[in-house]
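K.L.:
My structure is below; once you've seen it, I'll send some questions.
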Amino acid sequence: MHIILDATAMTAAGQGNVLASRLIHRAHAQSGWFLYAPTCALVEADRDRPGTAEHLAALPGITVLDLDLPAALVVARQKSWSAAHSGYAAQPTPDRPDGAVIATTAPGTWQGEPVRILDLNP
């Protein structure tokens, strides 16, 4: 399972959200589970809760996704760089042919977007 953490999920993880913590544990301990932190979302999460970026980047089960040129071109056209990078990262790639699910605590943000979400609210 491939899961993108949006900024709200990253912030929730730093605040002890049980569902976010379980995802992080699974990505570290169970094969076939992959968590990704898009760089723009990581920056937004750190602005909301300082120290989040360092904490998440240090965890072994999370892969930080760089803002490469194709992602930057998509992000540049959007109002929210964080959501744009997360949405872009969730699209199918050769490594993730089925795309990825976006883990979030703000599912309304993704309403009408062509992505699958995992609501981390209890």
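Chain labels A, B, ... are given in the sequence in which chains occur in the structure tokens; within each chain residues are numbered consecutively from 1, and ligands are likewise numbered from 1 in the order shown.
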Give one line per residue of range 12-43 of chain A that approaches range 74-84 of chain A to at most 9 Å, naming the two atoms of the closest pair and their distance in Å to one decimal, counting only C-alpha atoms; sort by chain then ascending residue number and deliver it as JSON lines.
P.N.:
{"residue": "A:Pro38", "atom": "CA", "partner": "A:Ser82", "partner_atom": "CA", "distance": 7.8}
{"residue": "A:Thr39", "atom": "CA", "partner": "A:Ser82", "partner_atom": "CA", "distance": 7.9}
{"residue": "A:Cys40", "atom": "CA", "partner": "A:Ser82", "partner_atom": "CA", "distance": 4.7}
{"residue": "A:Ala41", "atom": "CA", "partner": "A:Ser82", "partner_atom": "CA", "distance": 4.2}
{"residue": "A:Leu42", "atom": "CA", "partner": "A:Ser82", "partner_atom": "CA", "distance": 7.8}
{"residue": "A:Val43", "atom": "CA", "partner": "A:Ser82", "partner_atom": "CA", "distance": 7.9}
K.L.:
Residues near Arg22 in chain A, anyone? I mean within 12 Å using only C-alpha atoms, not counting same-chain ones fewer than 2 positions away, as an mmCIF file with C-alpha atoms, in the first residue's frame.
P.N.:
data_model
loop_
_atom_site.group_PDB
_atom_site.id
_atom_site.type_symbol
_atom_site.label_atom_id
_atom_site.label_comp_id
_atom_site.auth_asym_id
_atom_site.auth_seq_id
_atom_site.Cartn_x
_atom_site.Cartn_y
_atom_site.Cartn_z
ATOM 1 C CA ALA A 9 -1.658 14.126 8.510
ATOM 2 C CA ALA A 12 -1.566 15.077 13.367
ATOM 3 C CA ALA A 13 1.232 12.517 13.617
ATOM 4 C CA GLY A 16 -0.071 11.889 18.682
ATOM 5 C CA ASN A 17 -2.878 10.936 16.273
ATOM 6 C CA VAL A 18 -3.264 7.188 16.808
ATOM 7 C CA LEU A 19 -4.205 6.397 13.199
ATOM 8 C CA ALA A 20 -1.239 8.363 11.818
ATOM 9 C CA ILE A 24 4.031 5.097 10.408
ATOM 10 C CA HIS A 25 4.543 1.900 12.396
ATOM 11 C CA ARG A 26 3.201 -0.267 9.554
ATOM 12 C CA ALA A 27 5.430 1.415 6.980
ATOM 13 C CA HIS A 28 8.427 0.671 9.173
ATOM 14 C CA ALA A 29 7.532 -2.842 10.300
ATOM 15 C CA GLN A 30 5.456 -4.436 7.547
ATOM 16 C CA TRP A 33 3.480 -0.558 3.177
ATOM 17 C CA LEU A 35 4.611 6.222 3.335
ATOM 18 C CA GLY A 61 9.437 4.236 7.292
ATOM 19 C CA ALA A 103 -3.845 10.258 4.351
ATOM 20 C CA LEU A 120 -7.306 9.875 9.874
#
K.L.:
Return the single residue from A:Leu118, A:Val101, A:Met10, A:Ala45 that is closest to Ile62 in chain A, with distances computed using only C-alpha atoms.
P.N.:
A:Met10
K.L.:
When DSSP is applied to the backbone of this structure, which of chain A are assigned alpha helix (DSSP H)? Write them out as JSON, numbers by chain.
P.N.:
{"A": [7, 8, 9, 10, 11, 12, 13, 14, 18, 19, 20, 21, 22, 23, 24, 25, 26, 27, 28, 29, 39, 40, 41, 42, 43, 44, 45, 46, 47, 48, 52, 53, 54, 55, 56, 57, 58, 69, 70, 71, 72, 73, 74, 75, 81, 82, 83, 84, 85, 86, 87, 88, 89]}
K.L.:
Taking only C-alpha atoms into account, name the residue in A:Glu44, A:Thr109, A:Ala37, A:Arg96 that is nearest to Ala58 in chain A.
P.N.:
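Smallest separation from Ala58 in chain A among the options: A:Ala37.
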K.L.:
Grab the CA of Glu54 in chain A to CA of Pro94 in chain A distance for me, in Å with one decimal place.
P.N.:
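Spanning CA of Glu54 in chain A to CA of Pro94 in chain A is a straight-line distance of 28.5 Å.
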K.L.:
Smallest atom-to-atom distance to Ala53 in chain A: which of A:Gln111, A:Thr11, A:Thr104, A:Gln91, using only C-alpha atoms?
P.N.:
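Closest residue, counting only C-alpha atoms: A:Thr11.
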K.L.:
Which residue is closest to Ile4 in chain A? Choose from A:Ile102, A:Ala72, A:Ile117, A:Val64 and count only C-alpha atoms.
P.N.:
A:Ile102
K.L.:
Between A:Asn121, A:Leu67, A:Asp6, A:Val115, which residue has the minimum interatomic distance to Ala100 in chain A, considering only C-alpha atoms?
P.N.:
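So, comparing all the options, the nearest one is A:Val115.
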K.L.:
As an NGL selection string, please: all residues of range 15-122 of chain A that backbone DSSP puts in strand (DSSP E or B).
P.N.:
:A and (34-38 or 62-65 or 101-104 or 116-119)
K.L.:
Which of these residues is nearest to Asp95 in chain A, using only C-alpha atoms: A:His55, A:Arg49, A:Gly14, A:Phe34?
P.N.:
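Distance minimum relative to Asp95 in chain A lands on A:Phe34.
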